[in-house]
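Working notes, beginning with the structure itself.
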Amino acid sequence: MLHPFRLHEPTTAEEASRLLYDLGEDAAVYAGGTELLLAMKQGVLRYAHLVNIKHIGLGGIHYDEAAGCLRIGATATHRSIEHSAVVQSHFPMIADMEAHVANVRVRATGTVGGNLCFAEPHSDLATVLLLYDAAVRIHGTSGHRTVPVSAFLVDSYTTCLGPGDIMVEVEAPRLPVGAGACYRKFAFLERPSVGVGIVIVPTRDRAAIADARVAVGCVGATPFRVAEAEDTLRGVSLAAATFEQAVRSAARALVARCDPTEDLYGSREYKRHLAGVLARRTAMAAREHLLAEGASHGTS
Ligand SMILES: Cc1cc2nc3c(=O)[nH]c(=O)nc-3n(C[C@H](O)[C@H](O)[C@H](O)COP(=O)(O)OP(=O)(O)OC[C@H]3O[C@@H](n4cnc5c(N)ncnc54)[C@H](O)[C@@H]3O)c2cc1C
């Protein structure tokens with residue numbers, strides 16, 4: 001049952017921050033409500049005040065040409081990102097990942113801000129944003145600050161947001177030109193059990209890997225980048241046999257770093273096994289995207 005609460009409708013971020021600060025622990029931000037209202041109905045969370053941030057103009061999605069980065073407003077829904085022409089053309093891995101989040105109902109109402117701020121460990125979005133070295137812009141009572149996604153997510157269901165803080169935007173820089181990228185997940189209960197993302201950047205002659213980014217999510221409390229797997233891939237030839245061998249080493253390094261939480265989505269051993277399989281398949285797909293004629297970014 002949903003307990004009574006008062007809904008506040010601020011029209012600016014300043015007003016929303018101030019309200020949240022003044023109301024303290026009795027209040028929460030209300031965006032799409034897909035997590036919040038469910039948790040309130042189940043009695044897991046109880047708030048006397050909800051601060052609706054849908055009317056403060058945070059739903060925009062645009063590509064900042066000068067900074068070379070995508071700016072997604074906190075109240076942009078998964079579906080609006082999935083269908084955004086700019087995301088589809090410049091950030092296809094994000095558009096494709098969004099198309100596979102949950103179901104149409106959740107995608108139509110759930111927001112980027114709600115996904116990141118709830119910090120539910122089974123988030124595709126958080127894992128993919130790590131591959132872009134993305135950051136989160138926060139509005140607080142003393143102004144704005146920008147925090148990398150890796151520092152924003154502190155633990156399961158815990159972010160670095162403090163009293164009066166609202167997430168207002170995600171900034172995701174473009175991947176390096178010529179990169180091949182792929183995000184793959186395994187899901188059987190709507191939310192993913194494991195998600196692995198890989199970006200490989202070719203050398204100028206496109207014969208080898210100049211740089212690599214590897215992220216794994218959903219297995220533990222927060223998603224993370226796997227430096228050991230990235231090191232294993234750097235400098236490796238893109239020739240099929242050499243690449244495949246390096247991918248096997250990278251997958252082993254990734255599995256060694258996983259410290260899975262056993263939950264409804266699987267046992268520790270099961271998640272480790274899935275992470276290794278996904279790492280190999282994702283890397284092979286990233287290479288295919290890289291080698292595909294005309295591709296400047298891969299998609300998942
Ligand atoms: C059935 C189901 C399946 C799902 N499957 C997936 C999946 O496959 N992949 C995936 O990545 N995600 C998945 N999700 C998570 C989904 O992406 C989130 O539920 C959704 O994005 C939350 O957004 P919201 O606007 O509804 O958040 P709300 O429910 O409105 O808010 C969630 C929390 O974040 C806080 N909050 C919201 N916005 C802000 C803000 N701007 N600043 C500060 N705090 C804020 C709220 O106070 C609340 O604590 C799934 C969810 C459901 C219910």
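Naming scheme: A, B, ... for chains in displayed order of the structure tokens; residues 1 onward per chain; ligands 1 onward as shown.
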Contacts of ligand 1, 6 Å or closer, only C-alpha atoms and all ligand atoms, given as a PyMOL selection string: chain A and resi 28-36+74+101-102+109-115+117-118+123-125+166-168+190-192
Could the residues in this selection be written to a file with N, CA and C atoms, as an mmCIF file, in the first residue's frame?
```
data_model
loop_
_atom_site.group_PDB
_atom_site.id
_atom_site.type_symbol
_atom_site.label_atom_id
_atom_site.label_comp_id
_atom_site.auth_asym_id
_atom_site.auth_seq_id
_atom_site.Cartn_x
_atom_site.Cartn_y
_atom_site.Cartn_z
ATOM 1 N N ALA A 28 12.244 12.800 -1.047
ATOM 2 C CA ALA A 28 13.046 12.182 -2.116
ATOM 3 C C ALA A 28 12.673 12.820 -3.439
ATOM 4 N N VAL A 29 13.624 12.768 -4.374
ATOM 5 C CA VAL A 29 13.354 13.217 -5.739
ATOM 6 C C VAL A 29 12.419 12.201 -6.387
ATOM 7 N N TYR A 30 11.449 12.709 -7.137
ATOM 8 C CA TYR A 30 10.549 11.841 -7.898
ATOM 9 C C TYR A 30 10.756 12.175 -9.374
ATOM 10 N N ALA A 31 11.187 11.149 -10.151
ATOM 11 C CA ALA A 31 11.364 11.373 -11.604
ATOM 12 C C ALA A 31 10.327 10.510 -12.319
ATOM 13 N N GLY A 32 10.722 9.315 -12.823
ATOM 14 C CA GLY A 32 9.724 8.448 -13.464
ATOM 15 C C GLY A 32 8.925 7.636 -12.445
ATOM 16 N N GLY A 33 9.514 7.422 -11.292
ATOM 17 C CA GLY A 33 8.831 6.693 -10.216
ATOM 18 C C GLY A 33 8.893 5.174 -10.348
ATOM 19 N N THR A 34 9.575 4.644 -11.361
ATOM 20 C CA THR A 34 9.552 3.188 -11.585
ATOM 21 C C THR A 34 10.196 2.412 -10.432
ATOM 22 N N GLU A 35 11.210 2.969 -9.814
ATOM 23 C CA GLU A 35 11.838 2.316 -8.659
ATOM 24 C C GLU A 35 11.212 2.826 -7.373
ATOM 25 N N LEU A 36 11.086 4.147 -7.305
ATOM 26 C CA LEU A 36 10.658 4.798 -6.064
ATOM 27 C C LEU A 36 9.266 4.341 -5.623
ATOM 28 N N ALA A 74 18.882 14.793 -16.898
ATOM 29 C CA ALA A 74 18.561 13.742 -15.919
ATOM 30 C C ALA A 74 17.176 13.136 -16.117
ATOM 31 N N VAL A 101 16.853 -2.103 -22.479
ATOM 32 C CA VAL A 101 16.604 -1.936 -21.042
ATOM 33 C C VAL A 101 15.172 -2.389 -20.744
ATOM 34 N N ALA A 102 15.023 -3.232 -19.758
ATOM 35 C CA ALA A 102 13.720 -3.601 -19.188
ATOM 36 C C ALA A 102 12.662 -3.926 -20.246
ATOM 37 N N THR A 109 8.966 5.539 -19.026
ATOM 38 C CA THR A 109 8.855 6.426 -17.859
ATOM 39 C C THR A 109 10.163 6.552 -17.074
ATOM 40 N N GLY A 110 10.970 5.499 -17.091
ATOM 41 C CA GLY A 110 12.223 5.527 -16.323
ATOM 42 C C GLY A 110 13.221 6.494 -16.934
ATOM 43 N N THR A 111 13.958 7.171 -16.078
ATOM 44 C CA THR A 111 14.893 8.205 -16.543
ATOM 45 C C THR A 111 16.351 7.806 -16.288
ATOM 46 N N VAL A 112 17.224 8.523 -16.968
ATOM 47 C CA VAL A 112 18.673 8.341 -16.757
ATOM 48 C C VAL A 112 19.035 8.660 -15.310
ATOM 49 N N GLY A 113 18.484 9.779 -14.821
ATOM 50 C CA GLY A 113 18.787 10.194 -13.445
ATOM 51 C C GLY A 113 18.335 9.143 -12.444
ATOM 52 N N GLY A 114 17.113 8.624 -12.662
ATOM 53 C CA GLY A 114 16.582 7.623 -11.734
ATOM 54 C C GLY A 114 17.418 6.356 -11.751
ATOM 55 N N ASN A 115 17.865 5.973 -12.934
ATOM 56 C CA ASN A 115 18.684 4.763 -13.053
ATOM 57 C C ASN A 115 19.983 4.931 -12.256
ATOM 58 N N CYS A 117 20.859 7.360 -9.993
ATOM 59 C CA CYS A 117 20.746 7.784 -8.588
ATOM 60 C C CYS A 117 20.220 6.681 -7.687
ATOM 61 N N PHE A 118 19.442 5.748 -8.226
ATOM 62 C CA PHE A 118 18.972 4.628 -7.410
ATOM 63 C C PHE A 118 20.139 3.673 -7.147
ATOM 64 N N SER A 123 22.493 -2.404 -13.471
ATOM 65 C CA SER A 123 22.260 -1.294 -14.405
ATOM 66 C C SER A 123 23.162 -1.420 -15.633
ATOM 67 N N ASP A 124 22.518 -1.488 -16.788
ATOM 68 C CA ASP A 124 23.289 -1.491 -18.039
ATOM 69 C C ASP A 124 23.896 -0.114 -18.276
ATOM 70 N N LEU A 125 23.085 0.900 -17.978
ATOM 71 C CA LEU A 125 23.489 2.271 -18.277
ATOM 72 C C LEU A 125 24.812 2.631 -17.595
ATOM 73 N N ILE A 166 20.851 17.253 -6.562
ATOM 74 C CA ILE A 166 20.066 16.650 -7.652
ATOM 75 C C ILE A 166 21.016 16.384 -8.802
ATOM 76 N N MET A 167 20.897 15.223 -9.399
ATOM 77 C CA MET A 167 21.669 14.992 -10.621
ATOM 78 C C MET A 167 20.946 15.708 -11.753
ATOM 79 N N VAL A 168 21.679 16.534 -12.512
ATOM 80 C CA VAL A 168 21.001 17.286 -13.579
ATOM 81 C C VAL A 168 21.358 16.820 -14.989
ATOM 82 N N GLU A 190 14.367 -9.758 -16.540
ATOM 83 C CA GLU A 190 14.271 -8.357 -16.970
ATOM 84 C C GLU A 190 15.534 -7.556 -16.671
ATOM 85 N N ARG A 191 16.016 -7.609 -15.436
ATOM 86 C CA ARG A 191 17.272 -6.907 -15.162
ATOM 87 C C ARG A 191 18.438 -7.845 -15.501
ATOM 88 N N PRO A 192 19.563 -7.278 -15.957
ATOM 89 C CA PRO A 192 20.687 -8.139 -16.351
ATOM 90 C C PRO A 192 21.388 -8.830 -15.184
#
```
All strand (DSSP E) positions in segment 118-275 of chain A, as an NGL selection string: :A and (135-140 or 143-148 or 153-155 or 158-159 or 166-173 or 180-189 or 191-202 or 209-217 or 224-225)
Spatial neighbours of Cys258 of chain A, max dist 10 Å, only C-alpha atoms, sep filter under 2 positions, as a ChimeraX atom specification: /A:216-217,219-220,223-224,226,253-256,260-261,268,271-272,275-276
Top pick for closest residue to Gly140 of chain A, considering A:His90, A:His62, A:Arg225, A:Arg18 and counting only C-alpha atoms: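 For Gly140 of chain A, the nearest of the given residues is A:Arg18.
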Pick from A:Leu238, A:Val194, A:Glu228, A:Met97, whichever lies nearest to Arg257 of chain A using only C-alpha atoms: A:Glu228
For atom CA of Ala279 of chain A and atom CA of Gly266 of chain A, the interatomic separation in Å (one decimal):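 Pair atom CA of Ala279 of chain A / atom CA of Gly266 of chain A returns 17.4 Å.
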Which residue of A:Arg174, A:Arg137, A:Arg281, A:His122 approaches Leu264 of chain A most closely, using only C-alpha atoms: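 The shortest atom-to-atom distance to Leu264 of chain A comes from A:His122.
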Nearest to Ala179 of chain A by atom-to-atom distance, counting only C-alpha atoms, from A:Ser193, A:Thr203, A:Ser249, A:Ser17: A:Thr203
Per-residue DSSP, segment 62-254 of chain A, filtered to helix (DSSP H, G or I), as a ChimeraX atom specification: /A:78-82,85-90,92-99,104-109,112-118,124-131,149-152,227-233,240-254
Point-to-point distance in Å for atom CA of Arg79 of chain A and atom CA of Glu288 of chain A: 27.0 Å
Can you list, as a short mmCIF file (atom, residue, chain, number, x, y, z; two decimals) with all heavy atoms, in the first residue's frame, every protein, DNA or RNA residue that comes within 12 Å of Glu9 of chain A when you count only C-alpha atoms, leaving out same-chain residues fewer than 3 positions away?
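Printed below is out_28.cif as written:
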```cif
data_model
loop_
_atom_site.label_atom_id
_atom_site.label_comp_id
_atom_site.auth_asym_id
_atom_site.auth_seq_id
_atom_site.Cartn_x
_atom_site.Cartn_y
_atom_site.Cartn_z
N ARG A 6 3.18 14.20 0.28
CA ARG A 6 2.88 15.48 -0.37
C ARG A 6 3.79 15.61 -1.58
O ARG A 6 5.00 15.37 -1.48
CB ARG A 6 3.14 16.62 0.62
CG ARG A 6 2.69 17.92 0.06
CD ARG A 6 2.68 19.05 1.07
NE ARG A 6 2.71 20.29 0.28
CZ ARG A 6 3.24 21.41 0.68
NH1 ARG A 6 3.78 21.50 1.87
NH2 ARG A 6 3.22 22.46 -0.12
N THR A 12 12.35 25.13 -10.94
CA THR A 12 13.78 25.32 -11.23
C THR A 12 14.59 24.34 -10.38
O THR A 12 14.12 23.85 -9.34
CB THR A 12 14.26 26.75 -10.85
OG1 THR A 12 14.11 26.90 -9.42
CG2 THR A 12 13.48 27.83 -11.57
N ALA A 13 15.85 24.09 -10.84
CA ALA A 13 16.73 23.18 -10.08
C ALA A 13 17.06 23.77 -8.71
O ALA A 13 17.15 23.05 -7.71
CB ALA A 13 18.01 22.93 -10.88
N GLU A 15 15.15 25.69 -6.86
CA GLU A 15 13.99 25.51 -5.97
C GLU A 15 13.94 24.04 -5.49
O GLU A 15 13.68 23.78 -4.30
CB GLU A 15 12.73 25.85 -6.79
CG GLU A 15 11.52 26.23 -5.97
CD GLU A 15 10.27 26.31 -6.86
OE1 GLU A 15 10.38 26.67 -8.06
OE2 GLU A 15 9.20 25.97 -6.36
N ALA A 16 14.20 23.11 -6.41
CA ALA A 16 14.14 21.69 -6.05
C ALA A 16 15.22 21.35 -5.01
O ALA A 16 14.96 20.66 -4.02
CB ALA A 16 14.33 20.83 -7.31
N SER A 17 16.43 21.86 -5.22
CA SER A 17 17.53 21.60 -4.28
C SER A 17 17.21 22.14 -2.89
O SER A 17 17.43 21.47 -1.88
CB SER A 17 18.81 22.31 -4.74
OG SER A 17 19.46 21.57 -5.69
N LEU A 19 14.27 22.79 -1.60
CA LEU A 19 13.20 22.00 -0.99
C LEU A 19 13.76 20.71 -0.38
O LEU A 19 13.46 20.36 0.76
CB LEU A 19 12.19 21.60 -2.07
CG LEU A 19 10.96 22.47 -2.28
CD1 LEU A 19 10.27 22.06 -3.57
CD2 LEU A 19 10.01 22.32 -1.09
N LEU A 20 14.58 20.02 -1.17
CA LEU A 20 15.15 18.74 -0.70
C LEU A 20 16.01 18.95 0.54
O LEU A 20 15.97 18.17 1.48
CB LEU A 20 16.00 18.11 -1.81
CG LEU A 20 15.23 17.44 -2.93
CD1 LEU A 20 16.15 17.17 -4.11
CD2 LEU A 20 14.60 16.13 -2.44
N VAL A 29 13.62 12.77 -4.37
CA VAL A 29 13.35 13.22 -5.74
C VAL A 29 12.42 12.20 -6.39
O VAL A 29 12.58 10.99 -6.21
CB VAL A 29 14.67 13.29 -6.55
CG1 VAL A 29 14.38 13.48 -8.03
CG2 VAL A 29 15.56 14.39 -6.03
N TYR A 30 11.45 12.71 -7.14
CA TYR A 30 10.55 11.84 -7.90
C TYR A 30 10.76 12.18 -9.37
O TYR A 30 10.58 13.31 -9.80
CB TYR A 30 9.10 12.10 -7.47
CG TYR A 30 8.06 11.52 -8.38
CD1 TYR A 30 7.85 10.15 -8.45
CD2 TYR A 30 7.27 12.35 -9.18
CE1 TYR A 30 6.88 9.62 -9.30
CE2 TYR A 30 6.30 11.83 -10.02
CZ TYR A 30 6.12 10.47 -10.08
OH TYR A 30 5.17 9.95 -10.91
N ALA A 31 11.19 11.15 -10.15
CA ALA A 31 11.36 11.37 -11.60
C ALA A 31 10.33 10.51 -12.32
O ALA A 31 9.16 10.88 -12.39
CB ALA A 31 12.80 11.05 -12.00
N HIS A 49 7.39 13.44 1.68
CA HIS A 49 7.42 14.45 0.61
C HIS A 49 8.15 13.90 -0.62
O HIS A 49 9.23 13.34 -0.48
CB HIS A 49 8.17 15.70 1.06
CG HIS A 49 7.58 16.33 2.28
ND1 HIS A 49 6.62 17.31 2.22
CD2 HIS A 49 7.84 16.11 3.60
CE1 HIS A 49 6.29 17.68 3.45
NE2 HIS A 49 7.02 16.95 4.30
N LEU A 50 7.54 14.10 -1.78
CA LEU A 50 8.25 13.78 -3.03
C LEU A 50 8.42 15.07 -3.81
O LEU A 50 7.48 15.87 -3.93
CB LEU A 50 7.47 12.75 -3.86
CG LEU A 50 7.34 11.35 -3.27
CD1 LEU A 50 6.70 10.40 -4.28
CD2 LEU A 50 8.68 10.78 -2.80
N VAL A 51 9.62 15.27 -4.35
CA VAL A 51 9.91 16.49 -5.11
C VAL A 51 9.99 16.10 -6.59
O VAL A 51 10.97 15.47 -7.03
CB VAL A 51 11.23 17.13 -4.61
CG1 VAL A 51 11.57 18.36 -5.45
CG2 VAL A 51 11.12 17.49 -3.14
N ASN A 52 8.95 16.43 -7.32
CA ASN A 52 8.86 16.09 -8.75
C ASN A 52 9.79 17.02 -9.54
O ASN A 52 9.62 18.24 -9.53
CB ASN A 52 7.40 16.27 -9.20
CG ASN A 52 7.21 15.87 -10.65
OD1 ASN A 52 8.16 15.48 -11.32
ND2 ASN A 52 5.98 15.97 -11.12
N ILE A 53 10.76 16.40 -10.25
CA ILE A 53 11.71 17.26 -11.00
C ILE A 53 11.43 17.23 -12.50
O ILE A 53 12.27 17.64 -13.30
CB ILE A 53 13.18 16.85 -10.71
CG1 ILE A 53 13.44 15.38 -11.09
CG2 ILE A 53 13.55 17.14 -9.27
CD1 ILE A 53 14.90 15.05 -11.28
N LYS A 54 10.24 16.75 -12.88
CA LYS A 54 9.96 16.62 -14.32
C LYS A 54 9.63 17.95 -14.99
O LYS A 54 9.56 18.02 -16.20
CB LYS A 54 8.82 15.62 -14.54
CG LYS A 54 9.32 14.17 -14.44
CD LYS A 54 8.25 13.17 -14.74
CE LYS A 54 7.31 13.02 -13.58
NZ LYS A 54 6.42 11.86 -13.68
N HIS A 55 9.42 19.00 -14.19
CA HIS A 55 9.03 20.28 -14.80
C HIS A 55 10.13 21.34 -14.66
O HIS A 55 9.85 22.53 -14.65
CB HIS A 55 7.72 20.77 -14.16
CG HIS A 55 6.65 19.73 -14.19
ND1 HIS A 55 6.17 19.19 -15.36
CD2 HIS A 55 6.01 19.09 -13.18
CE1 HIS A 55 5.28 18.26 -15.08
NE2 HIS A 55 5.17 18.17 -13.77
N ILE A 56 11.37 20.89 -14.53
CA ILE A 56 12.43 21.91 -14.40
C ILE A 56 13.37 21.90 -15.61
O ILE A 56 14.49 22.40 -15.54
CB ILE A 56 13.20 21.79 -13.05
CG1 ILE A 56 13.88 20.43 -12.90
CG2 ILE A 56 12.26 21.99 -11.88
CD1 ILE A 56 14.67 20.31 -11.59
#
```
Separation of atom CA of Arg280 of chain A from atom CA of Glu244 of chain A in Å: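 Pair atom CA of Glu244 of chain A / atom CA of Arg280 of chain A returns 8.2 Å.
Around segment 65-73 of chain A, within 7 Å and counting only C-alpha atoms, the residues found are Leu58, Gly59, Val168, Glu169, Val170, Glu171, Ala172, Pro173 and Arg174 of chain A, once anything fewer than 6 positions away on its own chain is removed.
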Among listed residues A:Leu161, A:Leu130, A:Val214, A:Val104, nearest His144 of chain A (using only C-alpha atoms):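 Closest candidate: A:Leu161.
For the set A:Pro176, A:Pro121, A:Gly143, A:Gly197, the residue with the smallest atom-to-atom gap to Asp155 of chain A is A:Pro121, counting only C-alpha atoms.
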Close residues, Gly235 of chain A itself excluded, 10 Å, only C-alpha atoms, min 4 positions apart in chain, as JSON, numbers by chain: {"A": [202, 203, 207, 208, 209, 210, 211, 212, 231]}
Create the file for the chosen residues now, containing N, CA, C and O atoms and written as a CSV table (one decimal), in the first residue's frame.
```
chain,number,residue,atom,x,y,z
A,202,PRO,N,41.9,1.4,-32.6
A,202,PRO,CA,43.0,0.9,-33.5
A,202,PRO,C,44.2,1.8,-33.6
A,202,PRO,O,44.1,3.0,-33.4
A,203,THR,N,45.4,1.3,-33.9
A,203,THR,CA,46.5,2.1,-34.3
A,203,THR,C,46.2,2.8,-35.6
A,203,THR,O,45.2,2.4,-36.3
A,207,ALA,N,46.2,-2.0,-37.7
A,207,ALA,CA,46.7,-3.3,-37.6
A,207,ALA,C,46.7,-3.9,-36.2
A,207,ALA,O,46.7,-5.1,-36.0
A,208,ALA,N,46.7,-3.0,-35.2
A,208,ALA,CA,46.8,-3.4,-33.8
A,208,ALA,C,45.9,-2.5,-32.9
A,208,ALA,O,45.3,-1.6,-33.4
A,209,ILE,N,45.9,-2.9,-31.6
A,209,ILE,CA,45.1,-2.1,-30.7
A,209,ILE,C,45.9,-1.1,-30.0
A,209,ILE,O,46.9,-1.4,-29.3
A,210,ALA,N,45.6,0.2,-30.1
A,210,ALA,CA,46.3,1.3,-29.5
A,210,ALA,C,45.8,1.4,-28.0
A,210,ALA,O,46.6,1.7,-27.1
A,211,ASP,N,44.5,1.3,-27.9
A,211,ASP,CA,44.0,1.5,-26.5
A,211,ASP,C,42.7,0.6,-26.4
A,211,ASP,O,42.1,0.2,-27.4
A,212,ALA,N,42.4,0.2,-25.1
A,212,ALA,CA,41.3,-0.6,-24.9
A,212,ALA,C,40.6,-0.2,-23.6
A,212,ALA,O,41.2,0.3,-22.6
A,231,ASP,N,45.0,-3.7,-20.1
A,231,ASP,CA,46.5,-3.9,-20.4
A,231,ASP,C,46.8,-5.0,-21.3
A,231,ASP,O,47.6,-5.0,-22.1
```
